[in-house]
file work32.cif (mmCIF, C-alpha atoms and all ligand atoms)
data_upload
loop_
_atom_site.label_atom_id
_atom_site.label_comp_id
_atom_site.auth_asym_id
_atom_site.auth_seq_id
_atom_site.Cartn_x
_atom_site.Cartn_y
_atom_site.Cartn_z
CA MET X 1 44.49 174.18 51.46
CA ALA X 2 43.75 171.88 54.32
CA ILE X 3 40.32 170.87 55.46
CA LYS X 4 39.58 170.87 59.17
CA ARG X 5 37.81 168.01 60.82
CA VAL X 6 34.88 168.67 63.16
CA ASP X 7 37.02 167.95 66.22
CA GLN X 8 39.35 170.82 65.26
CA LEU X 9 36.57 173.40 65.71
CA ASP X 10 35.64 175.04 68.99
CA LEU X 11 31.98 174.16 69.27
CA ALA X 12 31.09 174.90 72.90
CA GLY X 13 27.85 176.88 73.06
CA LYS X 14 27.70 177.15 69.26
CA ARG X 15 24.85 176.17 67.00
CA VAL X 16 26.38 173.85 64.43
CA PHE X 17 24.83 173.33 61.02
CA CYS X 18 25.42 169.67 60.15
CA ARG X 19 24.82 168.86 56.47
CA VAL X 20 24.15 165.14 56.65
CA ASP X 21 23.01 162.54 54.16
CA PHE X 22 19.66 161.37 55.51
CA ASN X 23 18.38 160.44 52.07
CA VAL X 24 17.08 157.14 53.44
CA PRO X 25 14.69 154.64 51.83
CA LEU X 26 11.05 154.87 52.98
CA ASP X 27 8.26 152.33 52.52
CA GLU X 28 4.79 153.23 51.22
CA ARG X 29 3.75 154.33 54.72
CA GLN X 30 6.79 156.61 55.04
CA ARG X 31 8.62 154.39 57.48
CA VAL X 32 12.41 154.33 57.30
CA THR X 33 13.32 150.87 56.00
CA ASP X 34 17.09 151.23 56.43
CA ASP X 35 18.65 153.67 58.90
CA THR X 36 22.28 153.00 57.85
CA ARG X 37 22.77 156.58 56.68
CA VAL X 38 21.30 157.98 59.89
CA ARG X 39 23.65 155.83 61.97
CA ALA X 40 26.60 156.74 59.78
CA ALA X 41 26.20 160.39 60.82
CA LEU X 42 26.03 159.62 64.55
CA PRO X 43 29.76 160.00 65.32
CA THR X 44 29.66 163.59 64.06
CA ILE X 45 26.34 164.52 65.69
CA GLU X 46 27.36 162.91 68.98
CA TYR X 47 30.71 164.67 68.86
CA VAL X 48 28.98 168.03 68.43
CA LEU X 49 26.69 167.26 71.38
CA GLY X 50 29.61 166.12 73.51
CA ALA X 51 31.55 169.28 72.72
CA GLY X 52 28.66 171.40 74.02
CA GLY X 53 27.36 172.35 70.58
CA TYR X 54 23.79 172.50 69.33
CA PRO X 55 23.49 170.36 66.19
CA ILE X 56 21.14 171.55 63.47
CA CYS X 57 20.98 168.68 60.99
CA ALA X 58 19.88 169.20 57.43
CA SER X 59 19.50 166.89 54.44
CA HIS X 60 17.51 166.34 51.34
CA LEU X 61 15.18 163.36 51.02
CA GLY X 62 14.13 162.01 47.64
CA ARG X 63 13.33 164.28 44.72
CA PRO X 64 10.61 166.77 45.71
CA LYS X 65 11.86 169.15 43.00
CA GLY X 66 11.40 172.40 44.92
CA LYS X 67 7.89 171.66 46.17
CA ILE X 68 6.47 170.43 49.45
CA VAL X 69 5.75 166.72 48.99
CA PRO X 70 4.00 165.35 52.09
CA GLY X 71 5.43 161.86 51.53
CA LEU X 72 8.97 163.26 51.70
CA ARG X 73 8.76 165.09 55.01
CA MET X 74 11.63 164.61 57.45
CA GLU X 75 9.39 163.64 60.37
CA PRO X 76 10.01 159.85 60.14
CA VAL X 77 13.73 160.47 59.67
CA GLY X 78 13.66 162.58 62.83
CA ALA X 79 12.08 159.62 64.64
CA ALA X 80 14.80 157.31 63.31
CA LEU X 81 17.44 159.80 64.45
CA ALA X 82 15.89 160.02 67.93
CA ASP X 83 15.94 156.21 68.12
CA ALA X 84 19.54 156.05 67.00
CA LEU X 85 20.72 158.79 69.35
CA GLY X 86 18.71 157.61 72.34
CA GLY X 87 17.92 160.13 75.07
CA HIS X 88 18.03 163.29 72.99
CA ARG X 89 15.08 165.37 71.86
CA VAL X 90 14.97 165.64 68.07
CA LEU X 91 12.95 168.62 66.90
CA VAL X 92 11.89 168.64 63.26
CA THR X 93 11.05 172.00 61.71
CA ASP X 94 8.17 172.34 59.25
CA GLU X 95 10.19 174.30 56.69
CA PRO X 96 13.90 174.25 55.87
CA VAL X 97 14.21 178.00 56.56
CA GLY X 98 11.88 180.79 57.68
CA ASP X 99 10.37 181.97 60.96
CA GLY X 100 9.27 178.51 62.06
CA ALA X 101 12.73 177.05 61.63
CA ARG X 102 14.35 180.05 63.33
CA LYS X 103 12.02 179.71 66.32
CA VAL X 104 12.75 176.00 66.79
CA VAL X 105 16.48 176.72 66.62
CA ALA X 106 16.22 179.65 69.04
CA ASP X 107 14.38 177.49 71.57
CA MET X 108 16.94 174.65 71.54
CA ARG X 109 18.09 173.43 74.93
CA GLU X 110 21.40 171.74 75.60
CA GLY X 111 21.27 168.16 74.30
CA ASP X 112 18.57 168.93 71.74
CA VAL X 113 19.05 168.14 68.09
CA VAL X 114 17.19 170.01 65.38
CA LEU X 115 16.44 168.44 62.02
CA LEU X 116 15.43 170.91 59.34
CA GLU X 117 12.64 170.03 56.95
CA ASN X 118 13.67 168.54 53.57
CA LEU X 119 16.06 171.05 52.00
CA ARG X 120 14.81 170.25 48.50
CA PHE X 121 11.27 171.43 49.38
CA ASP X 122 12.79 174.79 48.43
CA ALA X 123 13.96 175.08 44.81
CA ARG X 124 16.66 177.50 45.95
CA GLU X 125 18.61 174.62 47.55
CA GLN X 126 19.52 172.97 44.25
CA GLY X 127 19.67 176.38 42.58
CA ASN X 128 22.47 177.31 45.03
CA ASP X 129 20.61 180.57 45.62
CA ASP X 130 22.58 183.02 47.73
CA ALA X 131 19.63 184.42 49.68
CA PHE X 132 18.66 180.87 50.68
CA ALA X 133 22.29 180.06 51.51
CA LYS X 134 22.46 183.14 53.77
CA GLU X 135 19.26 182.12 55.53
CA LEU X 136 20.65 178.65 56.21
CA ALA X 137 23.95 180.11 57.39
CA SER X 138 22.15 182.53 59.72
CA LEU X 139 20.82 179.58 61.73
CA ALA X 140 24.25 178.58 63.06
CA GLU X 141 27.71 179.76 64.08
CA ALA X 142 29.60 176.79 62.65
CA TYR X 143 29.23 174.52 59.64
CA VAL X 144 30.04 170.84 59.32
CA ASN X 145 29.56 168.77 56.18
CA ASP X 146 29.24 165.03 56.66
CA ALA X 147 27.30 164.33 53.44
CA PHE X 148 29.89 162.92 51.07
CA GLY X 149 27.15 161.53 48.81
CA THR X 150 26.13 165.05 47.75
CA ALA X 151 29.63 166.55 47.69
CA HIS X 152 29.59 166.44 43.88
CA ARG X 153 26.65 168.84 43.81
CA ALA X 154 27.06 172.60 44.25
CA HIS X 155 23.90 173.34 46.22
CA ALA X 156 23.12 176.00 48.82
CA SER X 157 23.69 173.60 51.75
CA THR X 158 26.82 171.98 50.30
CA VAL X 159 28.55 175.00 48.77
CA GLY X 160 26.68 178.34 48.83
CA MET X 161 26.24 178.73 52.57
CA ILE X 162 29.87 177.90 53.36
CA ALA X 163 31.00 181.31 52.14
CA HIS X 164 28.91 182.73 54.98
CA CYS X 165 30.30 180.33 57.61
CA PRO X 166 33.86 181.14 58.68
CA HIS X 167 33.99 178.14 61.05
CA ARG X 168 33.73 175.14 58.75
CA ALA X 169 34.86 171.56 58.82
CA ALA X 170 34.27 168.07 57.49
CA GLY X 171 32.45 165.55 59.64
CA PHE X 172 34.07 162.21 60.49
CA LEU X 173 32.34 160.34 57.68
CA MET X 174 33.25 162.95 55.09
CA MET X 175 36.85 163.03 56.31
CA LYS X 176 37.18 159.26 56.06
CA GLU X 177 35.91 159.37 52.48
CA VAL X 178 38.29 162.17 51.51
CA GLU X 179 41.24 160.43 53.14
CA SER X 180 40.52 156.94 51.79
CA LEU X 181 39.70 157.94 48.23
CA GLY X 182 42.39 160.62 48.33
CA ARG X 183 44.96 158.00 49.32
CA LEU X 184 44.32 156.20 46.02
CA MET X 185 45.14 159.41 44.17
CA GLY X 186 48.53 159.81 45.84
CA GLU X 187 51.55 157.57 46.38
CA VAL X 188 50.20 154.08 46.94
CA GLU X 189 51.71 150.76 47.85
CA ARG X 190 52.11 148.68 44.71
CA PRO X 191 50.88 146.70 42.92
CA PHE X 192 47.81 148.91 42.63
CA VAL X 193 45.00 146.97 40.97
CA ALA X 194 41.73 148.49 39.79
CA LEU X 195 38.83 146.12 39.38
CA LEU X 196 36.13 147.61 37.20
CA GLY X 197 32.86 146.14 36.09
CA GLY X 198 29.19 146.94 36.12
CA ALA X 199 26.84 148.02 33.46
CA LYS X 200 28.46 150.51 31.10
CA VAL X 201 31.81 151.79 29.93
CA SER X 202 30.15 155.14 29.24
CA ASP X 203 29.32 155.63 32.96
CA LYS X 204 32.96 155.18 33.89
CA ILE X 205 35.03 156.83 31.17
CA ALA X 206 36.60 159.40 33.51
CA VAL X 207 37.38 156.72 36.11
CA LEU X 208 39.01 154.47 33.51
CA GLU X 209 41.06 157.31 32.03
CA ASN X 210 42.21 158.53 35.43
CA LEU X 211 43.07 155.06 36.76
CA ILE X 212 45.02 154.05 33.67
CA ARG X 213 47.56 156.70 34.69
CA ARG X 214 47.88 155.35 38.23
CA VAL X 215 47.42 151.59 38.43
CA ASP X 216 49.62 148.61 37.62
CA ALA X 217 46.74 146.46 36.43
CA LEU X 218 43.22 147.12 35.23
CA VAL X 219 40.96 144.12 35.70
CA ILE X 220 37.69 144.31 33.78
CA GLY X 221 34.47 142.36 34.28
CA GLY X 222 30.73 142.90 34.10
CA ALA X 223 28.85 143.97 31.00
CA MET X 224 31.63 146.51 30.44
CA ALA X 225 33.99 143.67 29.55
CA ASN X 226 31.85 142.75 26.53
CA THR X 227 32.44 146.13 24.97
CA PHE X 228 36.20 145.66 25.34
CA LEU X 229 36.06 142.09 24.00
CA ARG X 230 33.94 143.19 21.05
CA ALA X 231 36.36 146.06 20.36
CA GLN X 232 39.10 143.45 20.00
CA GLY X 233 37.06 141.54 17.47
CA GLY X 234 35.57 138.97 19.85
CA ASP X 235 32.14 137.47 19.27
CA VAL X 236 30.06 138.17 22.36
CA GLY X 237 26.77 136.78 21.04
CA ALA X 238 23.72 138.61 22.37
CA SER X 239 25.62 140.11 25.31
CA ARG X 240 25.11 143.67 26.31
CA VAL X 241 27.57 145.77 24.26
CA GLU X 242 27.85 149.51 23.75
CA GLU X 243 28.38 149.54 19.99
CA GLU X 244 28.94 153.30 19.99
CA ARG X 245 31.81 152.93 22.49
CA LEU X 246 33.97 150.45 20.60
CA ASP X 247 36.38 153.18 19.50
CA LEU X 248 36.62 154.43 23.04
CA ALA X 249 37.38 150.91 24.26
CA ARG X 250 40.13 150.57 21.62
CA ASP X 251 41.54 153.90 22.68
CA LEU X 252 41.58 152.80 26.34
CA ILE X 253 43.28 149.53 25.39
CA ALA X 254 45.96 151.50 23.55
CA LYS X 255 46.39 153.92 26.45
CA ALA X 256 46.81 151.05 28.89
CA ARG X 257 49.43 149.48 26.64
CA SER X 258 51.44 152.67 26.27
CA ALA X 259 51.25 153.34 30.01
CA GLY X 260 52.52 149.83 30.72
CA VAL X 261 49.32 148.93 32.54
CA GLU X 262 48.34 145.31 32.38
CA LEU X 263 44.77 144.97 31.12
CA LEU X 264 42.96 141.81 32.14
CA LEU X 265 39.81 140.83 30.28
CA PRO X 266 37.67 137.74 30.86
CA VAL X 267 38.78 134.56 29.08
CA ASP X 268 35.57 132.70 29.83
CA ALA X 269 32.03 133.67 30.77
CA VAL X 270 28.90 132.23 32.32
CA VAL X 271 26.36 132.50 29.52
CA ALA X 272 22.59 132.05 29.31
CA ASP X 273 19.77 132.97 26.96
CA GLY X 274 18.48 135.67 29.31
CA LEU X 275 18.65 137.24 32.76
CA ASP X 276 15.93 134.95 34.09
CA ALA X 277 17.66 131.70 33.14
CA ALA X 278 17.73 129.21 36.02
CA SER X 279 21.37 128.39 35.34
CA GLY X 280 24.18 129.25 32.99
CA SER X 281 26.86 127.38 31.06
CA VAL X 282 30.48 128.28 30.43
CA ALA X 283 31.77 129.57 27.10
CA PRO X 284 34.91 131.35 25.87
CA ALA X 285 34.44 135.09 26.56
CA ASN X 286 35.31 135.98 22.96
CA ALA X 287 33.23 133.20 21.37
CA VAL X 288 29.82 133.37 23.00
CA PRO X 289 27.30 131.16 21.15
CA ALA X 290 24.73 132.98 19.02
CA GLY X 291 21.73 134.21 21.00
CA MET X 292 23.49 133.77 24.35
CA MET X 293 24.55 136.52 26.74
CA ALA X 294 27.66 136.66 28.94
CA LEU X 295 26.20 137.35 32.39
CA ASP X 296 29.17 136.64 34.66
CA ILE X 297 32.89 135.97 34.45
CA GLY X 298 33.68 132.26 34.09
CA PRO X 299 35.66 129.95 36.41
CA GLN X 300 39.04 130.40 34.70
CA THR X 301 38.63 134.16 34.78
CA ARG X 302 37.63 133.99 38.45
CA GLU X 303 40.88 132.19 39.23
CA ALA X 304 43.01 134.61 37.20
CA TYR X 305 41.37 137.66 38.80
CA ARG X 306 41.68 136.12 42.24
CA ASP X 307 45.44 135.62 41.75
CA ARG X 308 45.87 139.19 40.59
CA LEU X 309 43.93 140.56 43.56
CA LEU X 310 45.74 138.40 46.11
CA GLY X 311 49.04 139.86 44.90
CA ALA X 312 47.85 143.46 45.18
CA LYS X 313 48.79 145.95 47.91
CA THR X 314 46.21 148.55 46.90
CA ILE X 315 42.81 147.84 45.33
CA PHE X 316 40.01 150.01 44.03
CA TRP X 317 36.85 148.21 43.03
CA ASN X 318 33.83 149.56 41.23
CA GLY X 319 31.21 147.56 39.37
CA PRO X 320 30.00 143.98 39.87
CA MET X 321 31.59 141.25 37.74
CA GLY X 322 28.21 139.93 36.63
CA VAL X 323 24.49 140.08 37.19
CA PHE X 324 25.06 139.47 40.90
CA GLU X 325 21.39 140.10 41.72
CA LYS X 326 20.65 136.66 40.25
CA ALA X 327 22.16 133.64 41.99
CA PRO X 328 23.37 131.79 38.84
CA PHE X 329 25.44 134.86 37.86
CA ALA X 330 26.70 136.00 41.27
CA GLN X 331 29.75 133.71 41.62
CA GLY X 332 32.18 136.05 39.87
CA THR X 333 31.31 138.96 42.10
CA ILE X 334 31.33 136.83 45.27
CA SER X 335 34.71 135.33 44.45
CA THR X 336 36.30 138.70 43.70
CA ALA X 337 34.83 140.12 46.93
CA ARG X 338 36.50 137.26 48.80
CA ALA X 339 39.80 137.83 47.05
CA VAL X 340 39.72 141.56 47.83
CA ALA X 341 39.04 140.74 51.48
CA GLU X 342 41.74 138.06 51.65
CA SER X 343 44.37 140.14 49.87
CA GLY X 344 45.17 142.21 52.94
CA ALA X 345 45.57 145.14 50.54
CA PHE X 346 44.37 148.63 51.30
CA SER X 347 41.01 148.23 49.58
CA VAL X 348 38.32 150.71 48.62
CA VAL X 349 34.96 149.79 47.13
CA GLY X 350 32.75 152.46 45.59
CA GLY X 351 29.51 152.53 43.63
CA GLY X 352 25.93 151.83 44.68
CA ASP X 353 25.61 148.31 43.29
CA SER X 354 29.19 147.35 44.13
CA VAL X 355 28.66 148.27 47.76
CA SER X 356 25.48 146.23 47.97
CA ALA X 357 27.25 143.32 46.26
CA VAL X 358 30.07 143.42 48.80
CA LYS X 359 27.61 143.56 51.68
CA LYS X 360 25.69 140.63 50.19
CA SER X 361 28.91 138.63 49.95
CA GLY X 362 29.49 139.08 53.69
CA MET X 363 32.97 140.56 53.12
CA ALA X 364 32.17 144.16 54.00
CA GLU X 365 34.03 144.14 57.34
CA ARG X 366 37.24 143.10 55.63
CA ILE X 367 37.31 145.94 53.12
CA SER X 368 39.39 148.94 54.25
CA HIS X 369 36.87 151.50 53.09
CA ILE X 370 33.37 151.19 51.69
CA SER X 371 32.51 154.45 50.07
CA THR X 372 29.00 155.68 50.85
CA GLY X 373 28.66 158.08 47.94
CA GLY X 374 27.83 156.34 44.66
CA GLY X 375 28.04 159.20 42.16
CA ALA X 376 30.35 161.27 44.34
CA SER X 377 32.85 158.42 44.72
CA LEU X 378 32.98 157.87 40.98
CA GLU X 379 33.43 161.58 40.26
CA PHE X 380 36.23 161.69 42.82
CA MET X 381 37.87 158.63 41.25
CA GLY X 382 37.49 160.27 37.87
CA GLY X 383 39.83 162.96 39.14
CA ALA X 384 37.21 165.67 39.59
CA THR X 385 37.42 168.23 42.37
CA LEU X 386 34.14 167.89 44.22
CA PRO X 387 32.59 171.30 44.89
CA GLY X 388 31.38 170.34 48.37
CA ILE X 389 34.91 169.34 49.36
CA ALA X 390 36.64 172.31 47.74
CA ALA X 391 34.26 174.64 49.59
CA LEU X 392 35.42 173.27 52.96
CA GLU X 393 39.02 174.31 52.35
CA GLY X 394 40.56 177.28 54.08
P1 LIG S 401 27.86 150.54 40.49
O1 LIG S 401 26.49 150.96 40.94
O2 LIG S 401 28.58 149.78 41.55
O3 LIG S 401 28.67 151.67 39.93
P2 LIG S 401 26.90 149.70 37.91
O4 LIG S 401 25.63 150.43 38.17
O5 LIG S 401 27.82 150.21 36.89
O6 LIG S 401 27.68 149.47 39.30
O7 LIG S 401 26.57 148.20 37.46
C1 LIG S 401 25.73 147.34 38.17
C2 LIG S 401 24.83 146.58 37.26
O8 LIG S 401 25.54 145.95 36.21
C3 LIG S 401 24.12 145.48 38.01
O9 LIG S 401 22.74 145.74 37.98
C4 LIG S 401 24.47 144.22 37.24
O10 LIG S 401 23.39 143.32 37.11
C5 LIG S 401 24.87 144.75 35.90
N1 LIG S 401 25.76 143.81 35.20
C6 LIG S 401 26.94 143.33 35.61
N2 LIG S 401 27.44 142.46 34.73
C7 LIG S 401 26.56 142.36 33.71
C8 LIG S 401 26.50 141.61 32.50
N3 LIG S 401 27.48 140.79 32.16
N4 LIG S 401 25.42 141.78 31.71
C9 LIG S 401 24.42 142.61 32.06
N5 LIG S 401 24.41 143.35 33.18
C10 LIG S 401 25.47 143.23 34.01
MG MG S 402 24.70 151.34 39.82
#

call {"tool": "encode", "arguments": {"input": "work32.cif", "output": "structure tokens", "more": "lines below"}}
Ligand code: ADP
Ligand code: MG
result
Amino acid sequence: MAIKRVDQLDLAGKRVFCRVDFNVPLDERQRVTDDTRVRAALPTIEYVLGAGGYPICASHLGRPKGKIVPGLRMEPVGAALADALGGHRVLVTDEPVGDGARKVVADMREGDVVLLENLRFDAREQGNDDAFAKELASLAEAYVNDAFGTAHRAHASTVGMIAHCPHRAAGFLMMKEVESLGRLMGEVERPFVALLGGAKVSDKIAVLENLIRRVDALVIGGAMANTFLRAQGGDVGASRVEEERLDLARDLIAKARSAGVELLLPVDAVVADGLDAASGSVAPANAVPAGMMALDIGPQTREAYRDRLLGAKTIFWNGPMGVFEKAPFAQGTISTARAVAESGAFSVVGGGDSVSAVKKSGMAERISHISTGGGASLEFMGGATLPGIAALEG
């Protein structure tokens, strides 16, 4: 069933519940240190305002675990939203539901925006409690979900309340995520290359399994590569390896072979005796000297991966190629980011660290889609149906 987008709803005069992702970072004095997520929701909120609707924004913030935590109040987020919107009153309620919230909503004037108090101050949010869901739904006549980052969680504000909201739609940000990631799951322009790296094979099993059935080439880097190299009998020294996943790695190698998917593993690595080393040296990826760790892909591997990526028409990338947080081990990730950008392919990057690596490399503008939802993007790419998306259908 199709999902409507917010601009397909009739919103004039309606109160519109907007589930947004305002889970922003705060400093020790509860100031918002990065308002990217607030700004990302602006197109949807501004559309609702422009259509004559009354936006009631709601999000969780941090992990209050069902209790009121003063340091996780929405007040500073409301201030950031007011700044970002400019010229609109932003009214923050002192509870997510209840008489206070109802009163603030009832008193809204045209152009006002309400921001409900932290949804996770009430344990019933994460419990997907129906009474709580009904209370949330009773605040509005329409429902819009723009919080892709929590779409993999079946909570009252992402799933439960939708059953009580006949007028429902995805916000612009959510729709872009669904369309961009969804495009990778359908008929794509080939070659389709998946670039996977990062910390652990075990975090990405579903993604690997799902992509093996779809891609032309699987390009592996990061610590994950060591587990594959070790599974093939390579000596990876003191590198990070998941010993208990060697069978899984062998199984994935076999699956790739039988599916005709080319599997690229590093041939050389930048190695050092620890993460804090001032510099690294180059060694064969399958013959890392004793006591040394492979912390980045080496120069020959960089070239090979770059060639592969430049020839691609569709790219999905998750997981840095090395310990990109440290300058001596960032080259692999920077060079792949450049290649993805230069390829001209339809490119999607997902995953918390991968997204920050791409931003750090300065290539973000040249990537077709940067997915905002870390866990949600990976679950989607693992082939899962995300409850928050399924609930918007029909
Ligand atoms: P994402 O958040 O994009 O899904 P991950 O969380 O899986 O990515 O992986 C990111 C982490 O993997 C980074 O902190 C990075 O330092 C680490 N990493 C990458 N390559 C290596 C390596 N060769 N050895 C140790 N850690 C690595
Ligand atoms: Mg991560």

call {"tool": "residues_near_ligand", "arguments": {"input": "work32.cif", "ligand": "ligand MG 402 (chain S)", "cutoff": "12 Å", "atoms": "all atoms listed in the file", "output": "MDAnalysis selection string"}}
result
chainID X and resid 197:200 203:204 222 318:320 323:325 350:357 373:375 377:378

call {"tool": "residues_around", "arguments": {"input": "work32.cif", "residues": "Gly171 (chain X)", "least_positions_apart": "4", "cutoff": "7 Å", "atoms": "all atoms listed in the file", "output": "list in words"}}
result
Arg5, Val6, Thr44, Val144, Asn145, Asp146 and Met175 of chain X

call {"tool": "residues_around", "arguments": {"input": "work32.cif", "residues": "Glu209 (chain X)", "least_positions_apart": "4", "cutoff": "8 Å", "atoms": "all atoms listed in the file", "output": "PDB file with C-alpha atoms, in the coordinates of the input"}}
result
ATOM      1  CA  ILE X 205      35.030 156.830  31.170  1.00  0.00           C
ATOM      2  CA  ARG X 213      47.560 156.700  34.690  1.00  0.00           C
ATOM      3  CA  LEU X 252      41.580 152.800  26.340  1.00  0.00           C
ATOM      4  CA  GLY X 382      37.490 160.270  37.870  1.00  0.00           C
TER       5      GLY X 382
END

call {"tool": "axis_aligned_box", "arguments": {"input": "work32.cif", "around": "ligand LIG 401 (chain S)", "padding_each_side": "3 Å", "output": "AutoDock Vina command-line options"}}
result
--center_x 25.7 --center_y 146.2 --center_z 36.6 --size_x 11.9 --size_y 16.9 --size_z 15.8

call {"tool": "residues_around", "arguments": {"input": "work32.cif", "residues": "Val97 (chain X)", "least_positions_apart": "2", "cutoff": "12 Å", "atoms": "all atoms listed in the file", "output": "short mmCIF file (atom, residue, chain, number, x, y, z; two decimals) with C-alpha atoms, keeping the file's coordinate frame"}}
result
data_model
loop_
_atom_site.label_atom_id
_atom_site.label_comp_id
_atom_site.auth_asym_id
_atom_site.auth_seq_id
_atom_site.Cartn_x
_atom_site.Cartn_y
_atom_site.Cartn_z
CA ILE X 56 21.14 171.55 63.47
CA ALA X 58 19.88 169.20 57.43
CA VAL X 92 11.89 168.64 63.26
CA THR X 93 11.05 172.00 61.71
CA ASP X 94 8.17 172.34 59.25
CA GLU X 95 10.19 174.30 56.69
CA ASP X 99 10.37 181.97 60.96
CA GLY X 100 9.27 178.51 62.06
CA ALA X 101 12.73 177.05 61.63
CA ARG X 102 14.35 180.05 63.33
CA LYS X 103 12.02 179.71 66.32
CA VAL X 104 12.75 176.00 66.79
CA VAL X 105 16.48 176.72 66.62
CA LEU X 115 16.44 168.44 62.02
CA LEU X 116 15.43 170.91 59.34
CA GLU X 117 12.64 170.03 56.95
CA ASN X 118 13.67 168.54 53.57
CA LEU X 119 16.06 171.05 52.00
CA ARG X 120 14.81 170.25 48.50
CA PHE X 121 11.27 171.43 49.38
CA ASP X 122 12.79 174.79 48.43
CA ARG X 124 16.66 177.50 45.95
CA GLU X 125 18.61 174.62 47.55
CA ALA X 131 19.63 184.42 49.68
CA PHE X 132 18.66 180.87 50.68
CA ALA X 133 22.29 180.06 51.51
CA LYS X 134 22.46 183.14 53.77
CA GLU X 135 19.26 182.12 55.53
CA LEU X 136 20.65 178.65 56.21
CA ALA X 137 23.95 180.11 57.39
CA SER X 138 22.15 182.53 59.72
CA LEU X 139 20.82 179.58 61.73
CA ALA X 140 24.25 178.58 63.06
CA ALA X 156 23.12 176.00 48.82
CA SER X 157 23.69 173.60 51.75
#

call {"tool": "residues_around", "arguments": {"input": "work32.cif", "residues": "region 326-337 of chain X", "least_positions_apart": "6", "cutoff": "9 Å", "atoms": "only C-alpha atoms", "output": "VMD selection string"}}
result
chain X and resid 195 221 to 222 270 to 271 275 to 280 295 to 299 301 to 303 305 to 306 309 320 354 357 to 358 360 to 364 367

call {"tool": "atom_distance", "arguments": {"input": "work32.cif", "atom1": "CA of Gly260 (chain X)", "atom2": "CA of Glu179 (chain X)"}}
result
27.2 Å

call {"tool": "closest_residue", "arguments": {"input": "work32.cif", "among": "X:Gly52, X:Pro76, X:Gly149, X:Gly66", "to": "Arg37 (chain X)", "atoms": "only C-alpha atoms"}}
result
X:Gly149

call {"tool": "residues_near_point", "arguments": {"input": "work32.cif", "point": "(41.0, 142.7, 43.2)", "cutoff": "10 Å", "atoms": "only C-alpha atoms", "output": "PyMOL selection string"}}
result
chain X and resi 192-196+217-219+305-317+335-343+345+347

call {"tool": "write_last_selection", "arguments": {"input": "work32.cif", "atoms": "C-alpha atoms", "output": "mmCIF file, in the frame of the given file"}}
result
data_model
loop_
_atom_site.group_PDB
_atom_site.id
_atom_site.type_symbol
_atom_site.label_atom_id
_atom_site.label_comp_id
_atom_site.auth_asym_id
_atom_site.auth_seq_id
_atom_site.Cartn_x
_atom_site.Cartn_y
_atom_site.Cartn_z
ATOM 1 C CA PHE X 192 47.810 148.910 42.630
ATOM 2 C CA VAL X 193 45.000 146.970 40.970
ATOM 3 C CA ALA X 194 41.730 148.490 39.790
ATOM 4 C CA LEU X 195 38.830 146.120 39.380
ATOM 5 C CA LEU X 196 36.130 147.610 37.200
ATOM 6 C CA ALA X 217 46.740 146.460 36.430
ATOM 7 C CA LEU X 218 43.220 147.120 35.230
ATOM 8 C CA VAL X 219 40.960 144.120 35.700
ATOM 9 C CA TYR X 305 41.370 137.660 38.800
ATOM 10 C CA ARG X 306 41.680 136.120 42.240
ATOM 11 C CA ASP X 307 45.440 135.620 41.750
ATOM 12 C CA ARG X 308 45.870 139.190 40.590
ATOM 13 C CA LEU X 309 43.930 140.560 43.560
ATOM 14 C CA LEU X 310 45.740 138.400 46.110
ATOM 15 C CA GLY X 311 49.040 139.860 44.900
ATOM 16 C CA ALA X 312 47.850 143.460 45.180
ATOM 17 C CA LYS X 313 48.790 145.950 47.910
ATOM 18 C CA THR X 314 46.210 148.550 46.900
ATOM 19 C CA ILE X 315 42.810 147.840 45.330
ATOM 20 C CA PHE X 316 40.010 150.010 44.030
ATOM 21 C CA TRP X 317 36.850 148.210 43.030
ATOM 22 C CA SER X 335 34.710 135.330 44.450
ATOM 23 C CA THR X 336 36.300 138.700 43.700
ATOM 24 C CA ALA X 337 34.830 140.120 46.930
ATOM 25 C CA ARG X 338 36.500 137.260 48.800
ATOM 26 C CA ALA X 339 39.800 137.830 47.050
ATOM 27 C CA VAL X 340 39.720 141.560 47.830
ATOM 28 C CA ALA X 341 39.040 140.740 51.480
ATOM 29 C CA GLU X 342 41.740 138.060 51.650
ATOM 30 C CA SER X 343 44.370 140.140 49.870
ATOM 31 C CA ALA X 345 45.570 145.140 50.540
ATOM 32 C CA SER X 347 41.010 148.230 49.580
#

call {"tool": "residues_near_point", "arguments": {"input": "work32.cif", "point": "(5.3, 164.3, 50.0)", "cutoff": "10 Å", "atoms": "all atoms listed in the file", "output": "VMD selection string"}}
result
chain X and resid 30 61 to 64 67 to 74 121

call {"tool": "closest_residue", "arguments": {"input": "work32.cif", "among": "X:Gly274, X:Gly322, X:Gly233, X:Pro289", "to": "ligand LIG 401 (chain S)", "atoms": "all atoms listed in the file"}}
result
X:Gly322

call {"tool": "atom_distance", "arguments": {"input": "work32.cif", "atom1": "CA of Asp247 (chain X)", "atom2": "CA of Asp235 (chain X)"}}
result
16.3 Å

call {"tool": "atom_distance", "arguments": {"input": "work32.cif", "atom1": "CA of His369 (chain X)", "atom2": "CA of Val113 (chain X)"}}
result
28.6 Å

call {"tool": "residues_around", "arguments": {"input": "work32.cif", "residues": "region 78-88 of chain X", "least_positions_apart": "5", "cutoff": "7 Å", "atoms": "all atoms listed in the file", "output": "VMD selection string"}}
result
chain X and resid 35 38 to 39 111 to 113 115
